[in-house]
Amino acid sequence: MLDKIWDRHTVHTQIDRPDLIYIDLHLLHEVTSPQAFEGLRIAKRHVRRPDLTFATVDHNLPTTDRSLPIHDDLARNQIAALQKNARDFGITLYDVDSEKQGIVHVIGPELGLTQPGMTIVCGDSHTSTHGAFGALAFGIGTSQVEHVLATQCLPMDKPKSMQIKLSGKLSKGVTAKDVILGIISRIGVDGGSGHVIEYTGETIKAFSMEERMTICNMSIEAGARAGMISPDATTISYLMNKIPLEDIEDVKSLTDSWLDLASDKECQFDSVIEIDARSLEPCVTWGTNPEMSIPITESIPNPEKATSQEAKQAMQRALSYMDLQPGVPIQNISIDRVFIGSCTNSRLSDLQAAAAILKGNKVNENVKAMVVPGSTAVKKEAEELGLDKIFVDAGFEWRESGCSMCLGMNPDILNPGERCASTSNRNFEGRQGKGGRTHLVSPETAAGAAIAGHFVDAREWID
Amino acid sequence: MKPFTSHEGQVVPLDRVDVDTDQIIPKQFLKRIERTGYGQFLFHDWRRKEDGTPDPTFCLNRKKFKNGSILVAGKNFGCGSSREHAPWALIDHGFRVVISSSFADIFKTNCYENGLLPVELPENQTARLLTLAEEHKAFKVTVDLVAKKISDRQGWEEDFEIDPFVRDSLMEGLDRISHTMSLEEHIKNYENQLFL
Ligand code: SF4
């Protein structure tokens with residue numbers, strides 16, 4: 001599939017030079033774009049294809065009442081800069097008060113912008129999310145954002161391909177988040193480096209689009225350039241509800257062309273990894289990168305058993321930052337905060353899964369919990385289903401959409417020393433607030449932990 | 001972009017693996033709309049103790065390394081977010097070269113875009129540099145992009161690999177956007193084929 005998409009987008013090739021690749025969809029947000037627009041202005045360049053460029057505000061935005069002014073001057077300036085840039089360069093912006101606002105990787109698929117076979121870029125590493133549709137989607141830096149704005153192209157060397165094949169049926173209560181955490185713990189945070197990972201196998205086929213997005217989202221956490229999944233009937237039925245069909249002349253030939261992209265049996269990958277899905281369990285990270293995770297039934301690992309001196313030191317550092325002792329069952333670890341949100345796990349099905357566990361239960365008195373829907377549309381849908389009420393009755397705060405405590409650029413942050421069960425994607429030191437301790441989990445495990453006040457095997461609550 | 005041909009500088013050892021961009025520059029400093037002025041925030045949280053005072057043991061705070069311009073660190077340097085603020089901060093602080101046994105892909109590209117040279121060496125060599133940087137008063141190496149060699153004054157020398165286009169662009173300080181714009185005809189042809 002990578003080869004097919006690459007070939008179809010190659011504008012120009014030259015020996016000893018990267019290929020020039022055409023970009024079909026360019027998504028922007030407020031944090032990584034201002035310097036790119038500034039560069040355009042200085043060089044007196046315009047945006048080549050404003051019609052293929054879409055912007056939203058998500059990273060900085062407060063998730064409290066949106067009608068109030070933003071207190072943080074710098075955040076307010078950055079949002080104002082994007083508003084001005086979108087206006088000046090003729091780019092569609094899903095602004096603070098738009099019904100279509102949301103985390104950039106949640107709204108792309110939701111608005112039908114993300115489609116199979118496309119090349120998609122955004123100044124954000126989790127652009128890999130869109131690969132769930134059989135698109136080649138990857139994160140870029142600000143200079144490359146400027147490059148795409150000016151030329152709609154990027155000079156690039158073709159990445160290598162890696163197949164991760166998941167066979168077998170998942171056992172009850174094991175989620176897409178657990179699958180991707182399980183994969184990363186096996187291949188490591190740099191296991192996918194230089195590669196585009198294609199996830200294949202019956203386990204993946206059985207996943208919904210939202211679950212596939214969770215998997216592809218965290219490809220970057222394995223160091224991969226992108227993650228992708230071949231389009232199939234699930235992809236088509238999702239998109240049929242999202243794209244304006246009346247604008248399309250021949251729907252059948254469009255969907256056929258999508259199915260044609262799928263990798264065939266003869267497809268050669270540069271490397272292949274096989275994983276038995278039946279061996280996976282709900283996961284919790286214990287350390288300071290997404291590779292450092294264990295099944296919910298296990299105990300904090302011992303650095304003395306590390307395979308190298310380097311690994312031992314990294315484990316010791318992580319344990320000391322996380323304030324954890326080797327040998328303690330992870331279920332004995334109590335938490336202060338719960339965050340359900342981020343582009344990994346903030347879509348409707350994630351909120352439904354958490355709400356199913358929370359219904360009729362209360363958040364533990366020592367825990368402060370919040371849920372931040374991935375987009376304004378997800379929020380609205382959830383409210384129509386009464387999910388907000390379940391969350392609020394249980395003791396959660398129900399917020400406006402955005403990135404929020406995934407990276408804590410807005411006022412939603414952990415205090416030093418606080419321990420959080422989070423459905424986001426990065427547990428780096430200080431990611432959710434200086435001194436904060438993040439444990440990555442699925443929405444189900446986060447909900448269970450919120451009720452119990454410590455990590456629990458949420459499978460006990462799933463019927 | 002400042003062209004890069006050869007650079008001699010003191011080595012600063014950062015003996016940690018998987019250094020992520022959240023550490024290189026924490027998110028609270030990403031709200032500015034300029035490309036400059038990030039050097040003061042480089043490794044902000046690691047430079048400080050819990051009470052906010054400077055941690056004298058952290059490499060950037062040690063007097064000995066004050067003038068260092070070549071950073072050496074453990075594997076998988078620059079993983080995490082795509083923020084270009086990471087190379088901006090390293091450059092602004094005075095670094096021209098980062099050496100590691102491996103770099104995260106997006107970080108590497110972001111370095112190229114800004115004239116910061118990421119050099120990949122085998123793990124035993126980075127380990128050696130980490131040790132020598134600690135042992136000597138001011139351990140210096142020369143990174144020669146033209147010859148694709150890194151050497152010290154005692155006669156040690158090691159080749160490194162770099163993509164030919166990247167090497168040319170860095171040596172010329174090439175504006176990559178202008179280069180793509182010179183291929184305008186091809187882009188137009190491609191668009192005509194696609195959208196007609
Ligand atoms: S939710 Fe988190 S990971 Fe996703 S785009 Fe926002 S900050 Fe990045």
# chains A, B, ... in the order shown; residues from 1 in each chain; ligands from 1
$ residues_near_ligand --ligand "ligand 1" --cutoff "7 Å" --atoms "only C-alpha atoms and all ligand atoms" --output "PyMOL selection string"
chain A and resi 58-59+103-105+124+126+342-344+402-403+406-407+424-425
$ interface_residues --of "chain A" --to "chain B" --cutoff "7 Å" --atoms "only C-alpha atoms" --output "list in words"
Val11, His12, Asp16, Arg17, Val31, Thr32, Pro34, Gln35, Leu74, Ala75, Gln78, Gly123, Asp124, Ser125, Gly139, Ile140, Gly141, Thr142, Ser143, His147, Thr151, Asp190, Ser193, Gly194, Glu221, Gly223, Arg225, Met409 and Arg431 of chain A
$ write_last_selection --atoms "C-alpha atoms" --output "CSV table (one decimal), in the first residue's frame"
chain,number,residue,atom,x,y,z
A,11,VAL,CA,5.8,14.7,-8.7
A,12,HIS,CA,9.5,14.4,-9.6
A,16,ASP,CA,20.7,11.1,-5.3
A,17,ARG,CA,17.8,13.5,-4.5
A,31,VAL,CA,1.2,26.0,17.9
A,32,THR,CA,3.4,24.9,15.1
A,34,PRO,CA,2.8,30.9,13.2
A,35,GLN,CA,6.5,30.8,12.3
A,74,LEU,CA,0.7,34.1,24.9
A,75,ALA,CA,-2.0,31.5,24.2
A,78,GLN,CA,-1.1,32.4,19.2
A,123,GLY,CA,2.7,20.0,12.1
A,124,ASP,CA,2.0,17.4,14.7
A,125,SER,CA,3.5,14.0,15.3
A,139,GLY,CA,3.9,14.7,11.2
A,140,ILE,CA,6.2,17.5,10.1
A,141,GLY,CA,8.1,20.4,11.6
A,142,THR,CA,7.4,24.0,11.1
A,143,SER,CA,9.8,24.5,8.2
A,147,HIS,CA,7.3,24.2,2.6
A,151,THR,CA,4.5,24.4,-2.7
A,190,ASP,CA,12.5,3.3,18.5
A,193,SER,CA,12.3,4.1,13.4
A,194,GLY,CA,12.6,4.9,9.7
A,221,GLU,CA,5.4,6.3,20.0
A,223,GLY,CA,9.3,5.8,16.5
A,225,ARG,CA,7.1,7.7,10.5
A,409,MET,CA,-0.5,23.8,27.4
A,431,ARG,CA,4.3,16.1,29.9
$ residues_around --residues "B:Asn61" --least-positions-apart "5" --cutoff "7 Å" --atoms "only C-alpha atoms" --output "JSON, numbers by chain"
{"B": [47, 55, 56]}
$ residues_around --residues "stretch 273-286 of chain A" --least-positions-apart "5" --cutoff "9 Å" --atoms "only C-alpha atoms" --output "VMD selection string"
chain A and resid 162 to 171 173 to 175 177 to 179 181 to 183 187 203 291 to 297 300 to 301 318 to 319 322 324 330 421 427 438 to 442 445 455 457 to 459
$ atom_distance --atom1 "atom CA of A:Gly131" --atom2 "atom CA of A:Leu351"
22.0 Å
$ select_by_dssp --residues "stretch 4-169 of chain B" --states "helix (DSSP H, G or I)" --output "PDB file with N, CA, C and O atoms, in the first residue's frame"
ATOM      1  N   THR B  21      11.466  15.389  23.004  1.00  0.00           N
ATOM      2  CA  THR B  21      11.401  16.831  22.746  1.00  0.00           C
ATOM      3  C   THR B  21      10.674  17.583  23.865  1.00  0.00           C
ATOM      4  O   THR B  21      10.853  18.784  24.007  1.00  0.00           O
ATOM      5  N   ASP B  22       9.863  16.883  24.650  1.00  0.00           N
ATOM      6  CA  ASP B  22       9.248  17.535  25.815  1.00  0.00           C
ATOM      7  C   ASP B  22      10.315  17.945  26.832  1.00  0.00           C
ATOM      8  O   ASP B  22      10.115  18.886  27.599  1.00  0.00           O
ATOM      9  N   GLN B  23      11.450  17.208  26.861  1.00  0.00           N
ATOM     10  CA  GLN B  23      12.551  17.592  27.767  1.00  0.00           C
ATOM     11  C   GLN B  23      13.406  18.665  27.126  1.00  0.00           C
ATOM     12  O   GLN B  23      13.862  19.590  27.785  1.00  0.00           O
ATOM     13  N   ILE B  24      13.648  18.520  25.809  1.00  0.00           N
ATOM     14  CA  ILE B  24      14.505  19.493  25.125  1.00  0.00           C
ATOM     15  C   ILE B  24      13.898  20.885  25.284  1.00  0.00           C
ATOM     16  O   ILE B  24      14.582  21.837  25.630  1.00  0.00           O
ATOM     17  N   LYS B  27       6.587  22.292  26.895  1.00  0.00           N
ATOM     18  CA  LYS B  27       5.517  22.947  26.119  1.00  0.00           C
ATOM     19  C   LYS B  27       5.159  24.352  26.548  1.00  0.00           C
ATOM     20  O   LYS B  27       4.677  25.125  25.742  1.00  0.00           O
ATOM     21  N   GLN B  28       5.456  24.706  27.796  1.00  0.00           N
ATOM     22  CA  GLN B  28       5.031  26.063  28.195  1.00  0.00           C
ATOM     23  C   GLN B  28       5.771  27.149  27.415  1.00  0.00           C
ATOM     24  O   GLN B  28       5.392  28.295  27.440  1.00  0.00           O
ATOM     25  N   PHE B  29       6.837  26.728  26.687  1.00  0.00           N
ATOM     26  CA  PHE B  29       7.593  27.725  25.928  1.00  0.00           C
ATOM     27  C   PHE B  29       7.281  27.694  24.432  1.00  0.00           C
ATOM     28  O   PHE B  29       7.971  28.278  23.627  1.00  0.00           O
ATOM     29  N   GLY B  39      16.772  29.439  23.457  1.00  0.00           N
ATOM     30  CA  GLY B  39      17.942  28.828  24.087  1.00  0.00           C
ATOM     31  C   GLY B  39      17.860  28.808  25.604  1.00  0.00           C
ATOM     32  O   GLY B  39      18.220  27.830  26.248  1.00  0.00           O
ATOM     33  N   GLN B  40      17.328  29.872  26.174  1.00  0.00           N
ATOM     34  CA  GLN B  40      17.232  29.960  27.645  1.00  0.00           C
ATOM     35  C   GLN B  40      16.306  28.878  28.228  1.00  0.00           C
ATOM     36  O   GLN B  40      16.376  28.569  29.404  1.00  0.00           O
ATOM     37  N   PHE B  41      15.436  28.313  27.372  1.00  0.00           N
ATOM     38  CA  PHE B  41      14.486  27.302  27.872  1.00  0.00           C
ATOM     39  C   PHE B  41      14.940  25.875  27.590  1.00  0.00           C
ATOM     40  O   PHE B  41      14.247  24.923  27.915  1.00  0.00           O
ATOM     41  N   HIS B  44      14.787  22.901  30.123  1.00  0.00           N
ATOM     42  CA  HIS B  44      14.358  23.740  31.242  1.00  0.00           C
ATOM     43  C   HIS B  44      14.184  22.963  32.551  1.00  0.00           C
ATOM     44  O   HIS B  44      14.703  23.353  33.595  1.00  0.00           O
ATOM     45  N   ASP B  45      13.462  21.845  32.486  1.00  0.00           N
ATOM     46  CA  ASP B  45      13.146  21.135  33.734  1.00  0.00           C
ATOM     47  C   ASP B  45      14.347  20.374  34.281  1.00  0.00           C
ATOM     48  O   ASP B  45      14.489  20.233  35.498  1.00  0.00           O
ATOM     49  N   TRP B  46      15.197  19.892  33.388  1.00  0.00           N
ATOM     50  CA  TRP B  46      16.373  19.161  33.854  1.00  0.00           C
ATOM     51  C   TRP B  46      17.431  20.111  34.416  1.00  0.00           C
ATOM     52  O   TRP B  46      18.279  19.712  35.197  1.00  0.00           O
ATOM     53  N   ARG B  47      17.403  21.354  33.981  1.00  0.00           N
ATOM     54  CA  ARG B  47      18.398  22.311  34.468  1.00  0.00           C
ATOM     55  C   ARG B  47      18.103  22.797  35.882  1.00  0.00           C
ATOM     56  O   ARG B  47      18.940  23.407  36.506  1.00  0.00           O
ATOM     57  N   CYS B  59      24.635  18.963  32.968  1.00  0.00           N
ATOM     58  CA  CYS B  59      25.758  19.343  32.092  1.00  0.00           C
ATOM     59  C   CYS B  59      25.726  20.805  31.634  1.00  0.00           C
ATOM     60  O   CYS B  59      26.751  21.478  31.638  1.00  0.00           O
ATOM     61  N   LEU B  60      24.544  21.312  31.259  1.00  0.00           N
ATOM     62  CA  LEU B  60      24.506  22.679  30.748  1.00  0.00           C
ATOM     63  C   LEU B  60      24.817  23.719  31.822  1.00  0.00           C
ATOM     64  O   LEU B  60      25.148  24.859  31.520  1.00  0.00           O
ATOM     65  N   ASN B  61      24.680  23.315  33.088  1.00  0.00           N
ATOM     66  CA  ASN B  61      24.956  24.270  34.167  1.00  0.00           C
ATOM     67  C   ASN B  61      26.406  24.203  34.648  1.00  0.00           C
ATOM     68  O   ASN B  61      26.820  25.005  35.482  1.00  0.00           O
ATOM     69  N   LYS B  63      30.259  24.762  34.643  1.00  0.00           N
ATOM     70  CA  LYS B  63      31.109  25.799  34.077  1.00  0.00           C
ATOM     71  C   LYS B  63      32.009  25.256  32.968  1.00  0.00           C
ATOM     72  O   LYS B  63      32.185  25.868  31.927  1.00  0.00           O
ATOM     73  N   LYS B  64      32.493  24.055  33.244  1.00  0.00           N
ATOM     74  CA  LYS B  64      33.398  23.386  32.316  1.00  0.00           C
ATOM     75  C   LYS B  64      32.812  23.286  30.897  1.00  0.00           C
ATOM     76  O   LYS B  64      33.528  23.336  29.911  1.00  0.00           O
ATOM     77  N   PHE B  65      31.511  23.152  30.801  1.00  0.00           N
ATOM     78  CA  PHE B  65      30.890  22.931  29.489  1.00  0.00           C
ATOM     79  C   PHE B  65      30.240  24.188  28.919  1.00  0.00           C
ATOM     80  O   PHE B  65      29.473  24.127  27.957  1.00  0.00           O
ATOM     81  N   HIS B  85      10.720  23.693  17.680  1.00  0.00           N
ATOM     82  CA  HIS B  85      11.302  24.483  18.762  1.00  0.00           C
ATOM     83  C   HIS B  85      12.492  23.758  19.390  1.00  0.00           C
ATOM     84  O   HIS B  85      13.348  24.396  19.989  1.00  0.00           O
ATOM     85  N   ALA B  86      12.544  22.412  19.235  1.00  0.00           N
ATOM     86  CA  ALA B  86      13.656  21.658  19.827  1.00  0.00           C
ATOM     87  C   ALA B  86      14.988  22.028  19.155  1.00  0.00           C
ATOM     88  O   ALA B  86      15.902  22.484  19.841  1.00  0.00           O
ATOM     89  N   PRO B  87      15.125  21.872  17.826  1.00  0.00           N
ATOM     90  CA  PRO B  87      16.381  22.359  17.219  1.00  0.00           C
ATOM     91  C   PRO B  87      16.564  23.863  17.374  1.00  0.00           C
ATOM     92  O   PRO B  87      17.702  24.313  17.551  1.00  0.00           O
ATOM     93  N   TRP B  88      15.489  24.647  17.326  1.00  0.00           N
ATOM     94  CA  TRP B  88      15.643  26.095  17.524  1.00  0.00           C
ATOM     95  C   TRP B  88      16.319  26.383  18.869  1.00  0.00           C
ATOM     96  O   TRP B  88      17.200  27.225  18.976  1.00  0.00           O
ATOM     97  N   ALA B  89      15.890  25.650  19.903  1.00  0.00           N
ATOM     98  CA  ALA B  89      16.446  25.882  21.241  1.00  0.00           C
ATOM     99  C   ALA B  89      17.907  25.442  21.302  1.00  0.00           C
ATOM    100  O   ALA B  89      18.752  26.123  21.893  1.00  0.00           O
ATOM    101  N   LEU B  90      18.221  24.301  20.691  1.00  0.00           N
ATOM    102  CA  LEU B  90      19.604  23.811  20.700  1.00  0.00           C
ATOM    103  C   LEU B  90      20.528  24.807  19.986  1.00  0.00           C
ATOM    104  O   LEU B  90      21.615  25.130  20.470  1.00  0.00           O
ATOM    105  N   ILE B  91      20.066  25.294  18.830  1.00  0.00           N
ATOM    106  CA  ILE B  91      20.877  26.244  18.057  1.00  0.00           C
ATOM    107  C   ILE B  91      21.032  27.555  18.822  1.00  0.00           C
ATOM    108  O   ILE B  91      22.121  28.102  18.952  1.00  0.00           O
ATOM    109  N   ASP B  92      19.929  28.026  19.352  1.00  0.00           N
ATOM    110  CA  ASP B  92      19.932  29.287  20.069  1.00  0.00           C
ATOM    111  C   ASP B  92      20.876  29.227  21.281  1.00  0.00           C
ATOM    112  O   ASP B  92      21.489  30.214  21.664  1.00  0.00           O
ATOM    113  N   HIS B  93      20.994  28.048  21.851  1.00  0.00           N
ATOM    114  CA  HIS B  93      21.895  27.876  22.988  1.00  0.00           C
ATOM    115  C   HIS B  93      23.345  27.812  22.546  1.00  0.00           C
ATOM    116  O   HIS B  93      24.256  27.937  23.362  1.00  0.00           O
ATOM    117  N   ASP B 105      13.014  10.305  13.623  1.00  0.00           N
ATOM    118  CA  ASP B 105      12.949  10.778  12.227  1.00  0.00           C
ATOM    119  C   ASP B 105      12.576  12.259  12.084  1.00  0.00           C
ATOM    120  O   ASP B 105      13.223  12.996  11.352  1.00  0.00           O
ATOM    121  N   ILE B 106      11.502  12.679  12.744  1.00  0.00           N
ATOM    122  CA  ILE B 106      11.035  14.062  12.533  1.00  0.00           C
ATOM    123  C   ILE B 106      12.082  15.036  13.070  1.00  0.00           C
ATOM    124  O   ILE B 106      12.386  16.052  12.460  1.00  0.00           O
ATOM    125  N   PHE B 107      12.669  14.693  14.214  1.00  0.00           N
ATOM    126  CA  PHE B 107      13.679  15.564  14.799  1.00  0.00           C
ATOM    127  C   PHE B 107      14.845  15.756  13.831  1.00  0.00           C
ATOM    128  O   PHE B 107      15.342  16.875  13.637  1.00  0.00           O
ATOM    129  N   LYS B 108      15.259  14.664  13.209  1.00  0.00           N
ATOM    130  CA  LYS B 108      16.392  14.720  12.288  1.00  0.00           C
ATOM    131  C   LYS B 108      16.088  15.690  11.143  1.00  0.00           C
ATOM    132  O   LYS B 108      16.897  16.550  10.809  1.00  0.00           O
ATOM    133  N   THR B 109      14.893  15.544  10.563  1.00  0.00           N
ATOM    134  CA  THR B 109      14.510  16.451   9.473  1.00  0.00           C
ATOM    135  C   THR B 109      14.483  17.896   9.957  1.00  0.00           C
ATOM    136  O   THR B 109      14.942  18.807   9.268  1.00  0.00           O
ATOM    137  N   ASN B 110      13.952  18.109  11.152  1.00  0.00           N
ATOM    138  CA  ASN B 110      13.892  19.467  11.688  1.00  0.00           C
ATOM    139  C   ASN B 110      15.296  20.062  11.874  1.00  0.00           C
ATOM    140  O   ASN B 110      15.487  21.265  11.722  1.00  0.00           O
ATOM    141  N   CYS B 111      16.256  19.227  12.195  1.00  0.00           N
ATOM    142  CA  CYS B 111      17.643  19.700  12.322  1.00  0.00           C
ATOM    143  C   CYS B 111      18.167  20.149  10.966  1.00  0.00           C
ATOM    144  O   CYS B 111      18.735  21.235  10.836  1.00  0.00           O
ATOM    145  N   TYR B 112      17.967  19.292   9.961  1.00  0.00           N
ATOM    146  CA  TYR B 112      18.452  19.631   8.615  1.00  0.00           C
ATOM    147  C   TYR B 112      17.891  20.969   8.159  1.00  0.00           C
ATOM    148  O   TYR B 112      18.583  21.768   7.536  1.00  0.00           O
ATOM    149  N   GLU B 113      16.621  21.180   8.447  1.00  0.00           N
ATOM    150  CA  GLU B 113      15.955  22.403   7.995  1.00  0.00           C
ATOM    151  C   GLU B 113      16.591  23.650   8.597  1.00  0.00           C
ATOM    152  O   GLU B 113      16.397  24.750   8.108  1.00  0.00           O
ATOM    153  N   ASN B 114      17.298  23.472   9.714  1.00  0.00           N
ATOM    154  CA  ASN B 114      17.808  24.637  10.434  1.00  0.00           C
ATOM    155  C   ASN B 114      19.323  24.698  10.518  1.00  0.00           C
ATOM    156  O   ASN B 114      19.872  25.500  11.262  1.00  0.00           O
ATOM    157  N   GLU B 123      27.201   2.917  18.865  1.00  0.00           N
ATOM    158  CA  GLU B 123      27.006   3.137  20.296  1.00  0.00           C
ATOM    159  C   GLU B 123      28.319   3.148  21.088  1.00  0.00           C
ATOM    160  O   GLU B 123      28.472   3.956  22.009  1.00  0.00           O
ATOM    161  N   ASN B 124      29.285   2.290  20.722  1.00  0.00           N
ATOM    162  CA  ASN B 124      30.546   2.287  21.478  1.00  0.00           C
ATOM    163  C   ASN B 124      31.307   3.610  21.299  1.00  0.00           C
ATOM    164  O   ASN B 124      32.023   4.052  22.185  1.00  0.00           O
ATOM    165  N   GLN B 125      31.104   4.265  20.133  1.00  0.00           N
ATOM    166  CA  GLN B 125      31.770   5.544  19.907  1.00  0.00           C
ATOM    167  C   GLN B 125      31.104   6.686  20.694  1.00  0.00           C
ATOM    168  O   GLN B 125      31.790   7.551  21.238  1.00  0.00           O
ATOM    169  N   THR B 126      29.775   6.679  20.744  1.00  0.00           N
ATOM    170  CA  THR B 126      29.126   7.733  21.534  1.00  0.00           C
ATOM    171  C   THR B 126      29.477   7.553  23.009  1.00  0.00           C
ATOM    172  O   THR B 126      29.699   8.520  23.725  1.00  0.00           O
ATOM    173  N   ALA B 127      29.551   6.295  23.431  1.00  0.00           N
ATOM    174  CA  ALA B 127      29.917   6.028  24.834  1.00  0.00           C
ATOM    175  C   ALA B 127      31.322   6.561  25.119  1.00  0.00           C
ATOM    176  O   ALA B 127      31.588   7.148  26.175  1.00  0.00           O
ATOM    177  N   ARG B 128      32.206   6.356  24.154  1.00  0.00           N
ATOM    178  CA  ARG B 128      33.588   6.827  24.302  1.00  0.00           C
ATOM    179  C   ARG B 128      33.622   8.358  24.426  1.00  0.00           C
ATOM    180  O   ARG B 128      34.302   8.917  25.289  1.00  0.00           O
ATOM    181  N   LEU B 129      32.852   9.006  23.559  1.00  0.00           N
ATOM    182  CA  LEU B 129      32.826  10.476  23.604  1.00  0.00           C
ATOM    183  C   LEU B 129      32.262  10.981  24.935  1.00  0.00           C
ATOM    184  O   LEU B 129      32.758  11.960  25.502  1.00  0.00           O
ATOM    185  N   LEU B 130      31.229  10.297  25.430  1.00  0.00           N
ATOM    186  CA  LEU B 130      30.653  10.692  26.720  1.00  0.00           C
ATOM    187  C   LEU B 130      31.717  10.638  27.812  1.00  0.00           C
ATOM    188  O   LEU B 130      31.828  11.547  28.645  1.00  0.00           O
ATOM    189  N   THR B 131      32.524   9.574  27.795  1.00  0.00           N
ATOM    190  CA  THR B 131      33.557   9.417  28.815  1.00  0.00           C
ATOM    191  C   THR B 131      34.657  10.484  28.668  1.00  0.00           C
ATOM    192  O   THR B 131      35.041  11.134  29.637  1.00  0.00           O
ATOM    193  N   LEU B 132      35.146  10.654  27.429  1.00  0.00           N
ATOM    194  CA  LEU B 132      36.237  11.608  27.221  1.00  0.00           C
ATOM    195  C   LEU B 132      35.816  13.039  27.577  1.00  0.00           C
ATOM    196  O   LEU B 132      36.613  13.807  28.123  1.00  0.00           O
ATOM    197  N   ALA B 133      34.566  13.363  27.267  1.00  0.00           N
ATOM    198  CA  ALA B 133      34.085  14.712  27.573  1.00  0.00           C
ATOM    199  C   ALA B 133      34.125  14.971  29.070  1.00  0.00           C
ATOM    200  O   ALA B 133      34.399  16.084  29.525  1.00  0.00           O
ATOM    201  N   GLU B 134      33.873  13.918  29.841  1.00  0.00           N
ATOM    202  CA  GLU B 134      33.928  14.047  31.307  1.00  0.00           C
ATOM    203  C   GLU B 134      35.377  14.127  31.791  1.00  0.00           C
ATOM    204  O   GLU B 134      35.710  14.923  32.661  1.00  0.00           O
ATOM    205  N   GLU B 135      36.219  13.296  31.208  1.00  0.00           N
ATOM    206  CA  GLU B 135      37.597  13.171  31.712  1.00  0.00           C
ATOM    207  C   GLU B 135      38.464  14.396  31.426  1.00  0.00           C
ATOM    208  O   GLU B 135      39.217  14.840  32.274  1.00  0.00           O
ATOM    209  N   PRO B 164      23.165  12.250   0.701  1.00  0.00           N
ATOM    210  CA  PRO B 164      23.891  13.206  -0.160  1.00  0.00           C
ATOM    211  C   PRO B 164      23.164  14.538  -0.358  1.00  0.00           C
ATOM    212  O   PRO B 164      23.802  15.591  -0.371  1.00  0.00           O
ATOM    213  N   PHE B 165      21.844  14.482  -0.485  1.00  0.00           N
ATOM    214  CA  PHE B 165      21.101  15.732  -0.684  1.00  0.00           C
ATOM    215  C   PHE B 165      21.150  16.603   0.567  1.00  0.00           C
ATOM    216  O   PHE B 165      21.372  17.819   0.503  1.00  0.00           O
ATOM    217  N   VAL B 166      21.007  15.946   1.703  1.00  0.00           N
ATOM    218  CA  VAL B 166      21.067  16.680   2.969  1.00  0.00           C
ATOM    219  C   VAL B 166      22.440  17.333   3.117  1.00  0.00           C
ATOM    220  O   VAL B 166      22.557  18.503   3.492  1.00  0.00           O
ATOM    221  N   ARG B 167      23.465  16.571   2.759  1.00  0.00           N
ATOM    222  CA  ARG B 167      24.816  17.085   2.893  1.00  0.00           C
ATOM    223  C   ARG B 167      25.003  18.321   2.000  1.00  0.00           C
ATOM    224  O   ARG B 167      25.472  19.366   2.454  1.00  0.00           O
ATOM    225  N   ASP B 168      24.586  18.202   0.743  1.00  0.00           N
ATOM    226  CA  ASP B 168      24.708  19.340  -0.166  1.00  0.00           C
ATOM    227  C   ASP B 168      23.938  20.550   0.359  1.00  0.00           C
ATOM    228  O   ASP B 168      24.438  21.673   0.344  1.00  0.00           O
ATOM    229  N   SER B 169      22.691  20.291   0.816  1.00  0.00           N
ATOM    230  CA  SER B 169      21.882  21.426   1.281  1.00  0.00           C
ATOM    231  C   SER B 169      22.523  22.104   2.477  1.00  0.00           C
ATOM    232  O   SER B 169      22.535  23.328   2.575  1.00  0.00           O
TER     233      SER B 169
END
$ select_by_dssp --residues "chain B" --states "strand (DSSP E or B)" --output "ChimeraX atom specification"
/B:6-14,20,48,54,70-73,77,79,97-100,103,117-120,140-144,149-152,157-159
